[in-house]
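K.L.:
My structure file structure13.cif, mmCIF, C-alpha atoms, is below:
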data_coords
loop_
_atom_site.label_atom_id
_atom_site.label_comp_id
_atom_site.auth_asym_id
_atom_site.auth_seq_id
_atom_site.Cartn_x
_atom_site.Cartn_y
_atom_site.Cartn_z
CA MET P 23 9.76 -16.21 15.23
CA THR P 24 9.45 -17.17 11.60
CA GLY P 25 5.67 -17.06 11.03
CA PRO P 26 3.47 -13.98 10.92
CA LEU P 27 2.90 -12.05 14.13
CA LEU P 28 -0.83 -11.92 13.52
CA SER P 29 -2.83 -14.20 11.29
CA LEU P 30 -6.55 -14.22 10.52
CA THR P 31 -7.78 -17.08 8.38
CA GLY P 32 -11.30 -17.39 6.99
CA VAL P 33 -12.74 -15.18 9.73
CA SER P 34 -16.44 -14.44 9.60
CA ARG P 35 -18.69 -12.36 11.82
CA SER P 36 -22.32 -11.34 11.51
CA PHE P 37 -24.68 -9.27 13.62
CA ARG P 38 -28.44 -9.43 13.80
CA ARG P 39 -30.14 -6.13 13.06
CA GLY P 40 -33.87 -6.57 13.47
CA ARG P 41 -35.00 -9.15 10.94
CA HIS P 42 -31.79 -8.88 8.99
CA GLU P 43 -28.44 -10.49 9.46
CA LEU P 44 -25.63 -8.06 8.81
CA ARG P 45 -22.49 -9.79 7.62
CA VAL P 46 -19.52 -7.57 8.45
CA LEU P 47 -16.71 -10.06 7.93
CA ALA P 48 -16.97 -12.86 5.38
CA ASP P 49 -14.07 -15.27 4.98
CA VAL P 50 -11.54 -12.60 5.89
CA SER P 51 -7.87 -13.55 5.83
CA LEU P 52 -4.97 -11.34 6.76
CA GLN P 53 -1.36 -11.79 7.81
CA LEU P 54 0.82 -9.21 9.51
CA SER P 55 4.54 -9.52 10.19
CA ALA P 56 6.59 -7.85 12.92
CA GLY P 57 7.65 -4.39 11.79
CA GLU P 58 4.97 -4.27 9.11
CA ILE P 59 2.12 -1.75 8.86
CA VAL P 60 -1.13 -2.86 7.26
CA ALA P 61 -3.94 -0.34 6.85
CA VAL P 62 -7.55 -1.38 6.38
CA GLN P 63 -9.75 1.25 4.77
CA GLY P 64 -13.47 1.03 5.27
CA GLN P 65 -16.42 3.35 5.49
CA ARG P 66 -18.45 3.91 8.62
CA GLY P 67 -20.07 0.67 9.76
CA ALA P 68 -17.93 -1.47 7.44
CA GLY P 69 -16.68 -3.61 10.35
CA LYS P 70 -13.25 -2.08 10.94
CA THR P 71 -13.50 -2.00 14.73
CA THR P 72 -14.95 -5.53 14.75
CA LEU P 73 -11.94 -6.68 12.76
CA LEU P 74 -9.55 -5.12 15.29
CA LYS P 75 -11.46 -6.52 18.28
CA ILE P 76 -11.28 -9.99 16.79
CA ALA P 77 -7.56 -9.51 16.08
CA ALA P 78 -7.09 -8.54 19.74
CA GLY P 79 -9.10 -11.48 21.05
CA MET P 80 -11.63 -9.08 22.55
CA GLU P 81 -14.37 -10.56 20.41
CA SER P 82 -14.80 -14.08 19.07
CA PRO P 83 -15.45 -14.66 15.37
CA ASP P 84 -18.37 -16.80 14.24
CA GLY P 85 -15.93 -18.84 12.23
CA GLY P 86 -12.30 -18.95 11.21
CA ARG P 87 -9.02 -18.83 13.06
CA VAL P 88 -7.09 -15.99 14.70
CA SER P 89 -3.54 -16.51 15.87
CA PHE P 90 -1.02 -14.25 17.53
CA ASP P 91 2.58 -15.40 17.43
CA GLY P 92 1.36 -18.92 16.68
CA TRP P 93 -1.18 -19.00 19.52
CA ASP P 94 -4.76 -19.70 18.51
CA LEU P 95 -6.73 -16.95 20.28
CA THR P 96 -9.95 -18.91 20.10
CA GLU P 97 -8.39 -21.58 22.33
CA LEU P 98 -7.03 -19.27 25.05
CA SER P 99 -8.79 -18.81 28.38
CA ASP P 100 -10.15 -15.42 29.40
CA VAL P 101 -7.23 -14.95 31.79
CA GLN P 102 -4.71 -15.74 29.06
CA LEU P 103 -6.47 -13.42 26.64
CA SER P 104 -6.56 -10.66 29.19
CA ARG P 105 -2.84 -11.03 29.84
CA LEU P 106 -2.14 -11.04 26.11
CA LEU P 107 -4.12 -7.86 25.65
CA GLY P 108 -2.43 -6.24 28.62
CA GLU P 109 1.13 -7.13 27.76
CA GLN P 110 1.51 -7.74 24.06
CA ILE P 111 -1.19 -5.77 22.28
CA GLY P 112 -1.59 -2.01 22.35
CA TRP P 113 -4.90 -0.43 21.39
CA VAL P 114 -4.99 3.11 20.02
CA GLN P 115 -8.30 4.91 19.74
CA SER P 116 -9.38 8.49 19.29
CA SER P 117 -11.50 8.62 22.43
CA GLY P 118 -9.63 9.21 25.66
CA PRO P 119 -10.14 9.33 29.41
CA GLU P 120 -12.38 11.62 31.46
CA SER P 121 -11.86 15.12 30.19
CA ARG P 122 -9.98 16.41 33.25
CA VAL P 123 -7.57 13.51 33.63
CA GLN P 124 -3.99 14.60 33.16
CA VAL P 125 -2.13 13.21 30.18
CA LEU P 126 0.68 11.71 32.27
CA ASP P 127 -1.79 9.88 34.55
CA TYR P 128 -3.62 8.50 31.52
CA VAL P 129 -0.47 7.19 29.86
CA ALA P 130 0.90 5.70 33.13
CA LEU P 131 -2.39 4.02 33.99
CA PRO P 132 -1.77 0.65 32.25
CA LEU P 133 1.44 0.15 34.26
CA LEU P 134 0.47 1.40 37.73
CA ILE P 135 -0.51 -1.99 39.15
CA ALA P 136 2.27 -3.97 37.53
CA LEU P 137 5.17 -1.59 38.13
CA GLY P 138 4.09 0.82 40.86
CA ASP P 139 3.89 4.60 40.63
CA ARG P 140 7.50 5.55 40.17
CA ALA P 141 8.41 3.16 37.37
CA ALA P 142 5.03 3.63 35.69
CA TYR P 143 5.39 7.41 35.57
CA THR P 144 8.96 7.18 34.34
CA ARG P 145 7.86 4.92 31.50
CA ALA P 146 4.91 7.21 30.75
CA GLU P 147 7.24 10.21 30.46
CA GLN P 148 9.46 8.23 28.11
CA ALA P 149 6.47 7.24 25.99
CA LEU P 150 5.29 10.85 25.74
CA GLU P 151 8.80 11.89 24.80
CA ARG P 152 8.90 9.16 22.16
CA VAL P 153 5.75 10.41 20.44
CA GLY P 154 6.83 14.05 20.67
CA VAL P 155 4.31 15.50 23.11
CA ALA P 156 6.29 15.54 26.37
CA GLU P 157 5.22 19.13 26.93
CA CYS P 158 1.61 18.01 27.28
CA ALA P 159 2.31 15.69 30.23
CA HIS P 160 0.61 17.85 32.84
CA GLN P 161 -2.26 19.12 30.73
CA PRO P 162 -5.79 17.81 31.18
CA TRP P 163 -7.01 15.65 28.26
CA GLU P 164 -9.73 18.16 27.38
CA THR P 165 -7.18 20.84 26.48
CA LEU P 166 -5.41 18.76 23.83
CA SER P 167 -5.86 19.30 20.12
CA ASP P 168 -7.10 16.39 17.97
CA GLY P 169 -3.58 15.79 16.68
CA GLU P 170 -2.14 15.72 20.21
CA ARG P 171 -4.84 13.30 21.33
CA GLY P 172 -3.84 10.91 18.56
CA LEU P 173 -0.21 11.06 19.66
CA VAL P 174 -1.07 10.65 23.35
CA GLY P 175 -3.26 7.70 22.37
CA ILE P 176 -0.20 6.09 20.79
CA ALA P 177 1.89 6.82 23.92
CA HIS P 178 -0.83 5.16 26.04
CA ALA P 179 -0.67 2.10 23.80
CA ILE P 180 3.12 1.74 23.53
CA VAL P 181 3.91 2.38 27.20
CA ARG P 182 3.79 -1.37 27.85
CA SER P 183 6.08 -2.10 24.89
CA PRO P 184 3.57 -4.22 22.98
CA ARG P 185 4.45 -6.33 19.95
CA LEU P 186 1.26 -5.53 18.11
CA LEU P 187 -0.40 -2.14 17.81
CA LEU P 188 -4.06 -1.94 16.80
CA VAL P 189 -4.96 1.58 15.70
CA ASP P 190 -8.68 2.22 15.43
CA ASP P 191 -9.48 5.01 13.00
CA VAL P 192 -7.66 7.81 14.81
CA THR P 193 -7.01 9.88 11.71
CA THR P 194 -10.63 10.63 10.79
CA ILE P 195 -10.70 14.12 12.20
CA LEU P 196 -7.09 15.05 11.53
CA GLY P 197 -5.73 17.48 8.97
CA ILE P 198 -3.01 16.79 6.42
CA ARG P 199 -0.18 17.88 8.69
CA GLU P 200 -1.37 15.88 11.70
CA ILE P 201 -1.85 12.80 9.52
CA TYR P 202 1.69 13.20 8.25
CA THR P 203 3.12 13.50 11.78
CA LEU P 204 1.19 10.50 13.02
CA SER P 205 2.16 8.45 9.98
CA GLN P 206 5.83 9.22 10.42
CA LEU P 207 5.60 8.24 14.07
CA LEU P 208 3.90 4.90 13.35
CA ARG P 209 6.46 4.20 10.64
CA SER P 210 9.38 4.75 13.01
CA ILE P 211 7.75 2.78 15.86
CA ALA P 212 7.11 -0.16 13.54
CA SER P 213 10.58 -0.25 12.06
CA GLU P 214 12.65 0.61 15.14
CA SER P 215 10.79 -1.58 17.61
CA ALA P 216 9.67 -4.31 15.18
CA ILE P 217 6.07 -3.77 16.20
CA GLY P 218 3.37 -4.98 13.84
CA VAL P 219 0.75 -2.30 13.21
CA LEU P 220 -2.77 -3.01 12.03
CA MET P 221 -4.55 0.29 11.53
CA THR P 222 -8.00 1.12 10.27
CA VAL P 223 -8.72 4.29 8.36
CA SER P 224 -11.80 5.86 6.85
CA GLU P 225 -9.76 7.36 4.02
CA VAL P 226 -6.80 5.80 2.26
CA ALA P 227 -5.19 9.24 2.26
CA ALA P 228 -4.59 8.66 5.98
CA ALA P 229 -2.72 5.41 5.35
CA GLN P 230 0.41 6.84 3.79
CA CYS P 231 2.69 5.03 6.26
CA ALA P 232 1.30 1.59 5.40
CA ASP P 233 3.26 -1.16 3.70
CA ARG P 234 -0.04 -2.50 2.41
CA THR P 235 -3.49 -0.97 2.24
CA MET P 236 -6.52 -3.22 2.11
CA SER P 237 -10.17 -2.31 1.90
CA LEU P 238 -13.16 -3.66 3.77
CA ALA P 239 -16.64 -3.38 2.28
CA GLY P 240 -19.62 -5.69 2.19
CA GLY P 241 -17.75 -8.11 4.44
CA ARG P 242 -14.95 -8.58 1.94
CA LEU P 243 -11.39 -7.66 2.81
CA SER P 244 -9.63 -6.90 -0.45
CA GLY P 245 -5.95 -6.48 -1.02
CA PRO P 246 -3.99 -4.91 -3.84
CA SER P 247 -3.87 -7.01 -6.95
CA SER P 248 -2.65 -6.40 -10.46
CA GLU P 249 -4.25 -9.58 -11.71
CA ARG P 250 -6.88 -8.87 -14.28
CA LEU P 251 -9.95 -10.68 -15.43
CA PRO P 252 -9.94 -11.76 -19.11
CA GLU P 253 -9.22 -8.99 -21.55
CA THR P 254 -11.85 -7.04 -23.42
CA PRO P 255 -12.92 -9.04 -26.51
CA GLU P 256 -11.77 -8.15 -29.97
CA PRO P 257 -14.40 -6.44 -32.09
CA PRO P 258 -16.08 -8.56 -34.77
CA ASP P 259 -14.09 -6.89 -37.52
CA GLY P 260 -10.77 -7.62 -35.86
CA GLY P 261 -10.24 -4.16 -34.50
CA LYS P 262 -10.66 -2.06 -37.64
CA GLY P 263 -13.74 -0.26 -36.42
CA ASP P 264 -12.16 2.27 -34.16
CA VAL P 265 -15.51 3.58 -32.96
CA ILE P 266 -15.49 0.65 -30.54
CA ASP P 267 -12.28 2.11 -29.26
CA LEU P 268 -10.74 -1.12 -28.09
CA SER P 269 -7.22 -0.31 -29.05
CA SER P 270 -6.94 3.10 -27.45
CA ARG P 271 -7.38 2.43 -23.78
CA GLU P 272 -8.48 5.50 -21.97
CA ARG P 273 -6.72 6.10 -18.70
CA LEU P 274 -8.48 7.30 -15.63
CA ALA P 275 -9.71 10.82 -16.09
CA MET Q 28 -15.56 5.71 -22.63
CA SER Q 29 -16.15 5.77 -26.35
CA ALA Q 30 -19.27 7.34 -27.75
CA GLY Q 31 -19.64 4.14 -29.78
CA LYS Q 32 -20.30 1.94 -26.78
CA ALA Q 33 -22.73 4.42 -25.28
CA VAL Q 34 -24.66 4.65 -28.56
CA LEU Q 35 -24.61 0.89 -29.14
CA GLY Q 36 -25.94 0.25 -25.62
CA LEU Q 37 -28.76 2.72 -26.11
CA VAL Q 38 -29.70 1.37 -29.54
CA ILE Q 39 -29.84 -2.14 -28.06
CA GLN Q 40 -32.18 -0.85 -25.37
CA ARG Q 41 -34.43 0.85 -27.90
CA PRO Q 42 -34.07 1.69 -31.62
CA GLY Q 43 -34.01 5.37 -32.37
CA TYR Q 44 -33.28 8.20 -34.77
CA GLY Q 45 -29.89 9.82 -34.73
CA TYR Q 46 -31.04 13.03 -33.08
CA GLN Q 47 -32.93 11.03 -30.43
CA LEU Q 48 -29.83 8.98 -29.69
CA GLU Q 49 -27.80 12.15 -29.41
CA GLN Q 50 -30.24 13.41 -26.76
CA ARG Q 51 -30.33 10.10 -24.94
CA VAL Q 52 -26.53 9.90 -24.77
CA LYS Q 53 -26.37 13.41 -23.36
CA GLU Q 54 -29.11 12.75 -20.83
CA ARG Q 55 -27.69 9.46 -19.65
CA PHE Q 56 -23.95 10.13 -19.78
CA GLY Q 57 -23.78 13.90 -19.56
CA SER Q 58 -20.58 13.94 -17.52
CA ALA Q 59 -18.73 12.27 -20.41
CA GLN Q 60 -19.36 15.47 -22.41
CA PHE Q 61 -19.69 13.90 -25.84
CA VAL Q 62 -20.02 16.36 -28.66
CA ALA Q 63 -22.79 15.77 -31.22
CA SER Q 64 -20.33 15.08 -34.05
CA SER Q 65 -18.72 12.18 -32.16
CA ILE Q 66 -22.14 10.58 -31.70
CA TYR Q 67 -23.02 10.80 -35.41
CA LYS Q 68 -19.54 9.59 -36.31
CA ALA Q 69 -20.05 6.65 -33.97
CA LEU Q 70 -23.37 5.80 -35.62
CA GLY Q 71 -21.69 5.71 -39.03
CA ARG Q 72 -18.94 3.42 -37.86
CA LEU Q 73 -21.24 1.12 -35.92
CA GLU Q 74 -23.30 0.73 -39.08
CA LYS Q 75 -20.19 0.08 -41.16
CA ASP Q 76 -19.12 -2.59 -38.67
CA ASN Q 77 -22.57 -4.17 -38.96
CA LEU Q 78 -23.24 -3.68 -35.25
CA ILE Q 79 -26.30 -1.54 -35.98
CA ARG Q 80 -28.42 -1.16 -39.13
CA VAL Q 81 -30.77 1.37 -40.65
CA VAL Q 82 -34.42 0.44 -40.25
CA GLY Q 83 -36.15 3.52 -41.53
CA GLU Q 84 -35.64 6.95 -42.94
CA GLU Q 85 -37.78 10.06 -42.81
CA GLU Q 86 -37.54 12.53 -45.64
CA PRO Q 87 -37.23 16.10 -44.38
CA GLU Q 88 -40.28 18.29 -44.89
CA LEU Q 89 -39.98 20.92 -47.59
CA ALA Q 90 -39.52 23.69 -45.11
CA ASP Q 91 -36.79 21.62 -43.54
CA SER Q 92 -34.99 20.87 -46.79
CA GLU Q 93 -31.78 22.18 -45.36
CA ARG Q 94 -31.80 19.45 -42.77
CA GLN Q 95 -30.48 15.95 -43.27
CA ARG Q 96 -32.72 12.94 -43.62
CA ARG Q 97 -33.71 11.36 -40.35
CA ILE Q 98 -32.34 7.84 -40.05
CA LYS Q 99 -33.58 5.28 -37.56
CA TYR Q 100 -31.22 2.62 -36.26
CA GLU Q 101 -31.56 -0.71 -34.51
CA ALA Q 102 -28.95 -3.13 -33.21
CA THR Q 103 -27.96 -6.23 -35.17
CA GLN Q 104 -27.52 -9.65 -33.56
CA ARG Q 105 -23.81 -9.18 -34.05
CA GLY Q 106 -23.97 -5.84 -32.27
CA VAL Q 107 -25.89 -7.29 -29.32
CA GLY Q 108 -23.45 -10.21 -29.05
CA TYR Q 109 -20.45 -7.93 -29.20
CA PHE Q 110 -21.85 -5.50 -26.64
CA ARG Q 111 -22.78 -8.17 -24.10
CA GLU Q 112 -19.34 -9.76 -24.45
CA TRP Q 113 -17.70 -6.40 -23.86
CA LEU Q 114 -19.90 -5.86 -20.81
CA ARG Q 115 -18.62 -9.04 -19.18
CA ALA Q 116 -14.95 -8.44 -19.97
CA SER Q 117 -12.42 -6.27 -18.21
CA SER Q 118 -9.48 -4.24 -19.41
CA SER Q 119 -5.79 -4.23 -18.59
CA VAL Q 120 -5.86 -0.76 -17.03
CA PRO Q 121 -8.30 0.73 -14.55
CA LEU Q 122 -11.54 1.48 -16.32
CA VAL Q 123 -12.49 5.09 -16.71
CA ARG Q 124 -15.40 6.00 -14.48
CA GLU Q 125 -17.78 6.56 -17.37
CA GLU Q 126 -16.96 3.20 -18.90
CA LEU Q 127 -17.83 1.43 -15.69
CA GLN Q 128 -21.02 3.48 -15.47
CA LEU Q 129 -21.85 2.34 -18.98
CA ARG Q 130 -21.46 -1.31 -18.02
CA ILE Q 131 -23.60 -0.81 -14.93
CA ALA Q 132 -26.27 1.03 -16.91
CA PHE Q 133 -26.71 -1.83 -19.40
CA CYS Q 134 -26.15 -4.78 -17.05
CA GLU Q 135 -28.87 -7.44 -17.22
CA PRO Q 136 -29.82 -9.39 -14.05
CA HIS Q 137 -28.04 -12.56 -15.18
CA GLU Q 138 -24.83 -10.55 -15.67
CA LEU Q 139 -24.83 -9.22 -12.09
CA PRO Q 140 -22.34 -11.73 -10.61
CA ARG Q 141 -19.86 -10.98 -13.37
CA LEU Q 142 -20.27 -7.23 -12.96
CA ILE Q 143 -19.69 -7.55 -9.20
CA GLU Q 144 -16.44 -9.39 -9.87
CA ILE Q 145 -15.35 -6.76 -12.41
CA ILE Q 146 -15.98 -4.01 -9.86
CA HIS Q 147 -14.20 -5.95 -7.13
CA GLY Q 148 -11.29 -6.40 -9.52
CA GLU Q 149 -11.23 -2.65 -10.07
CA GLU Q 150 -11.07 -2.08 -6.31
CA GLN Q 151 -8.04 -4.36 -6.10
CA VAL Q 152 -6.32 -2.66 -9.01
CA CYS Q 153 -6.91 0.75 -7.40
CA LEU Q 154 -5.43 -0.60 -4.14
CA ALA Q 155 -2.41 -1.83 -6.11
CA MET Q 156 -1.98 1.60 -7.70
CA LEU Q 157 -2.25 3.16 -4.26
CA SER Q 158 0.34 0.72 -2.87
CA ASP Q 159 2.74 1.67 -5.68
CA PHE Q 160 2.21 5.31 -4.81
CA GLN Q 161 2.81 4.69 -1.09
CA ARG Q 162 5.97 2.72 -1.86
CA SER Q 163 7.31 5.53 -4.01
CA LEU Q 164 6.60 7.98 -1.19
CA ARG Q 165 8.76 6.00 1.21
CA GLN Q 166 11.59 5.63 -1.27
CA PHE Q 167 11.46 9.33 -1.88
CA GLU Q 168 11.53 10.18 1.81
CA ARG Q 169 14.79 8.35 2.30
CA VAL Q 170 16.67 10.56 -0.14
CA ASP Q 171 14.82 13.79 0.51
CA HIS Q 172 16.99 16.45 2.11
CA ARG Q 173 15.22 19.44 0.71
CA ARG Q 174 13.89 22.40 2.55
CA GLU Q 175 10.98 22.02 4.95
CA TRP Q 176 8.79 24.20 2.75
CA ALA Q 177 9.15 21.84 -0.21
CA ARG Q 178 8.25 18.91 2.02
CA LEU Q 179 5.12 20.68 3.21
CA MET Q 180 4.04 21.30 -0.36
CA ASP Q 181 4.73 17.65 -1.21
CA MET Q 182 2.50 16.67 1.69
CA ALA Q 183 -0.40 18.54 0.16
CA VAL Q 184 0.20 17.02 -3.28
CA ASP Q 185 0.60 13.50 -1.87
CA HIS Q 186 -2.64 13.93 0.02
CA ALA Q 187 -4.38 14.98 -3.18
CA GLU Q 188 -3.08 11.90 -5.00
CA ALA Q 189 -4.18 9.57 -2.21
CA SER Q 190 -7.54 11.33 -1.98
CA PHE Q 191 -8.11 10.64 -5.67
CA TRP Q 192 -7.70 6.90 -5.08
CA ASP Q 193 -9.78 7.17 -1.91
CA ALA Q 194 -12.73 8.66 -3.77
CA ARG Q 195 -12.52 6.04 -6.47
CA ILE Q 196 -12.23 3.11 -4.05
CA ARG Q 197 -15.18 4.39 -2.02
CA TRP Q 198 -17.35 4.72 -5.10
CA LEU Q 199 -16.45 1.19 -6.20
CA GLN Q 200 -17.20 -0.13 -2.70
CA ASN Q 201 -20.57 1.58 -2.61
CA VAL Q 202 -21.57 0.25 -6.02
CA ARG Q 203 -20.37 -3.28 -5.26
CA VAL Q 204 -22.15 -3.45 -1.89
CA PHE Q 205 -25.32 -2.18 -3.57
CA LEU Q 206 -25.09 -4.79 -6.33
CA GLU Q 207 -24.27 -7.56 -3.85
CA GLY Q 208 -27.43 -6.63 -1.98
CA LEU Q 209 -29.42 -7.02 -5.19
CA ARG Q 210 -27.81 -10.37 -5.87
CA GLU Q 211 -28.66 -11.60 -2.38
CA GLU Q 212 -32.26 -10.50 -2.79
CA SER Q 213 -32.42 -12.34 -6.08
CA GLU Q 214 -30.98 -15.50 -4.53
CA LEU Q 215 -33.42 -15.30 -1.63
CA HIS Q 216 -36.28 -15.33 -4.11
CA ALA Q 217 -34.86 -18.09 -6.29
CA GLY Q 218 -33.83 -15.80 -9.09
CA ARG Q 219 -37.22 -14.21 -9.59
CA PRO Q 220 -37.01 -10.47 -10.14
CA VAL Q 221 -38.20 -8.84 -6.93
CA TRP Q 222 -36.37 -5.56 -7.15
CA GLY Q 223 -37.97 -2.30 -6.42
CA ILE Q 224 -36.98 1.04 -5.03
CA ARG Q 225 -37.43 1.18 -1.28
#
Mind converting the file's structure to structure tokens?
P.N.:
Amino acid sequence: MTGPLLSLTGVSRSFRRGRHELRVLADVSLQLSAGEIVAVQGQRGAGKTTLLKIAAGMESPDGGRVSFDGWDLTELSDVQLSRLLGEQIGWVQSSGPESRVQVLDYVALPLLIALGDRAAYTRAEQALERVGVAECAHQPWETLSDGERGLVGIAHAIVRSPRLLLVDDVTTILGIREIYTLSQLLRSIASESAIGVLMTVSEVAAAQCADRTMSLAGGRLSGPSSERLPETPEPPDGGKGDVIDLSSRERLA
Amino acid sequence: MSAGKAVLGLVIQRPGYGYQLEQRVKERFGSAQFVASSIYKALGRLEKDNLIRVVGEEEPELADSERQRRIKYEATQRGVGYFREWLRASSSVPLVREELQLRIAFCEPHELPRLIEIIHGEEQVCLAMLSDFQRSLRQFERVDHRREWARLMDMAVDHAEASFWDARIRWLQNVRVFLEGLREESELHAGRPVWGIR
């Protein structure tokens, strides 16, 4: 494959809230390659989950185009979309199963029908091993720490060997150490398995594994740019009046 | 932020005596922590540059003979033109917080679209700075064979650096979304000022 794994072009999405129309995505474009990690920072209600749902084909945009591996998601049937989501796209979220469900059962669940018990559980054990929480396999979900839940969530998503991982704000409640562990894991999964990772974060501090960090606010998805608007004008006296302080640029405090 | 721009903006808003301007600067931009001398120095230079001019002086009362004469300033056309041009321009490095606050404080309704773009540009520059930082982290990790303890300490420092950018990006987002809301309201009402605190 030569093109991007995931491509969003001119995507827009609005919701009606009472008398008001809330525009959460306005002309949003984004490309993600295999093996690349892109983080999207946004505050609560900024539209991060909507962006991921549209990227996964779980929700249709009002306008624009979404393609996965060259396939236009807006043209696929529900059955095709469902298969795509089941086989090629992994979804990681902070919420988990019923509190008493065992970790191994939860991770094996996506494969039980397709592969049968034995193969599904073997793959689930491998996935738990891969993310470094094999010792939690027989614990109920409710006994896990927040950091462990994040890792088990990743195991649940990668057990089907997807090509795209969508990570929905799982770092919000984690501490520095847990964020570091999770970041390292996503980095190695992306590079070793050539999986594209699109992750949303509430704080950019949680996006340290990302190749690119973008921000979503007011419907706009912004990327890094060093391009500047026109320079500050020269003072009328040609710069002699240093009170205007044009020559000595103050750096960020 | 220079004291000069703060003083010039305030004089444009309303002429005033030096001591009044000193108070107004401190009230409005207290976090910039200007000292009184820098404000009076700024007034002198702004006057020399013909950006403000003296419009009145009060002789001190006899009992106050120790004190200096009170001088009232107003902005010149040149000063207004210069200030508004500065307000619409951007700089080659991320603006200091106070400087951006200054531009917001003196923004006129017709300058709103430009200010929104300046703030959006700042967001993108901050994201670029963050990307540079993240890239350097990864390069560093590849050659880092130091003790675990040093890595743990680095984690805390890296988090602090990223948190700095996080706070700045969030503030810029909040301000931009707020200003975009005002712009939309203005457009809905065909440019007529309809703003109010709700």
K.L.:
For the provided coordinates, the residues matched by the PyMOL selection byres ((chain Q and resi 198) around 12) should be stated as number ranges by chain.
P.N.:
P: 64-65, 239; Q: 124, 127-128, 146-147, 149-150, 153, 191-197, 199-205
K.L.:
What does the distance between atom CA of Asp233 of chain P and atom CA of Trp176 of chain Q come to in Å, to one decimal place?
P.N.:
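Here the two named atoms are 26.0 Å from each other.
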K.L.:
One decimal, Å: what's the distance from atom CA of Val192 of chain P over to atom CA of Gly240 of chain P, could you say?
P.N.:
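Taking atom CA of Val192 of chain P as the start and atom CA of Gly240 of chain P as the end point, the length is 22.0 Å.
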K.L.:
Would you compute the distance between atom CA of Gly83 of chain Q and atom CA of Ala63 of chain Q? Give it in Å to one decimal.
P.N.:
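So the two atoms, atom CA of Gly83 of chain Q and atom CA of Ala63 of chain Q, lie 20.9 Å apart.
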K.L.:
Find, counting all atoms listed in the file, the residue in P:Gly40, P:Gly108, P:Pro26, P:Pro132 that gets nearest to Leu52 of chain P.
P.N.:
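Ranked by minimum distance to Leu52 of chain P, first place goes to P:Pro26.
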K.L.:
Do a neighbour search on Pro42 of chain Q at 12 Å with only C-alpha atoms, toss out local chain neighbours closer than 3 positions, and write the hits as a ChimeraX atom specification.
P.N.:
/Q:34-39,45-48,51,79-83,98-103
K.L.:
Which is closest to Lys75 of chain P among P:Thr31, P:Ser55, P:Ser205, P:Thr222, if we use all atoms listed in the file?
P.N.:
P:Thr222
K.L.:
Taking only C-alpha atoms into account, which of Q:Asp185, Q:Glu212, Q:Glu49, Q:Glu138 comes nearest chain P?
P.N.:
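Result for the nearest residue to chain P: Q:Asp185.
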K.L.:
Counting all atoms listed in the file, what is within 10 Å of Ala68 of chain P, bar same-chain residues fewer than 5 positions away, as a ChimeraX atom specification?
P.N.:
/P:45-47,63,73,224,237-242
K.L.:
For Ala116 of chain Q, which of Q:Glu54, Q:Glu144, Q:Glu135, Q:Asp181 is the closest residue, counting only C-alpha atoms?
P.N.:
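Closest candidate: Q:Glu144.
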K.L.:
Determine the nearest neighbour of chain P from the options Q:Leu129, Q:Cys134, Q:Ile143, Q:Arg72, counting all atoms listed in the file.
P.N.:
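Selected residue with least distance to chain P: Q:Arg72.
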K.L.:
Quick one: of P:Val62, P:Ala216, P:Leu98, P:Leu126, who's nearest to chain Q, counting all atoms listed in the file?
P.N.:
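Among the listed residues, P:Val62 lies closest to chain Q.
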K.L.:
Evaluate the PyMOL selection byres ((chain P and resi 143) around 10) on the structure here and hand back the selected residues as an MDAnalysis selection string.
P.N.:
chainID P and resid 126:131 133:134 137:142 144:149 181
K.L.:
Those same residues - C-alpha atoms - I'd like them written as a PDB file, in the frame of the given file.
P.N.:
ATOM      1  CA  LEU P 126       0.680  11.710  32.270  1.00  0.00           C
ATOM      2  CA  ASP P 127      -1.790   9.880  34.550  1.00  0.00           C
ATOM      3  CA  TYR P 128      -3.620   8.500  31.520  1.00  0.00           C
ATOM      4  CA  VAL P 129      -0.470   7.190  29.860  1.00  0.00           C
ATOM      5  CA  ALA P 130       0.900   5.700  33.130  1.00  0.00           C
ATOM      6  CA  LEU P 131      -2.390   4.020  33.990  1.00  0.00           C
ATOM      7  CA  LEU P 133       1.440   0.150  34.260  1.00  0.00           C
ATOM      8  CA  LEU P 134       0.470   1.400  37.730  1.00  0.00           C
ATOM      9  CA  LEU P 137       5.170  -1.590  38.130  1.00  0.00           C
ATOM     10  CA  GLY P 138       4.090   0.820  40.860  1.00  0.00           C
ATOM     11  CA  ASP P 139       3.890   4.600  40.630  1.00  0.00           C
ATOM     12  CA  ARG P 140       7.500   5.550  40.170  1.00  0.00           C
ATOM     13  CA  ALA P 141       8.410   3.160  37.370  1.00  0.00           C
ATOM     14  CA  ALA P 142       5.030   3.630  35.690  1.00  0.00           C
ATOM     15  CA  THR P 144       8.960   7.180  34.340  1.00  0.00           C
ATOM     16  CA  ARG P 145       7.860   4.920  31.500  1.00  0.00           C
ATOM     17  CA  ALA P 146       4.910   7.210  30.750  1.00  0.00           C
ATOM     18  CA  GLU P 147       7.240  10.210  30.460  1.00  0.00           C
ATOM     19  CA  GLN P 148       9.460   8.230  28.110  1.00  0.00           C
ATOM     20  CA  ALA P 149       6.470   7.240  25.990  1.00  0.00           C
ATOM     21  CA  VAL P 181       3.910   2.380  27.200  1.00  0.00           C
TER      22      VAL P 181
END
K.L.:
To verify the selection step, state as a PyMOL selection string which residues the PyMOL selection byres ((chain P and resi 124) around 8) yields on this input.
P.N.:
chain P and resi 122-123+125-128+159-163
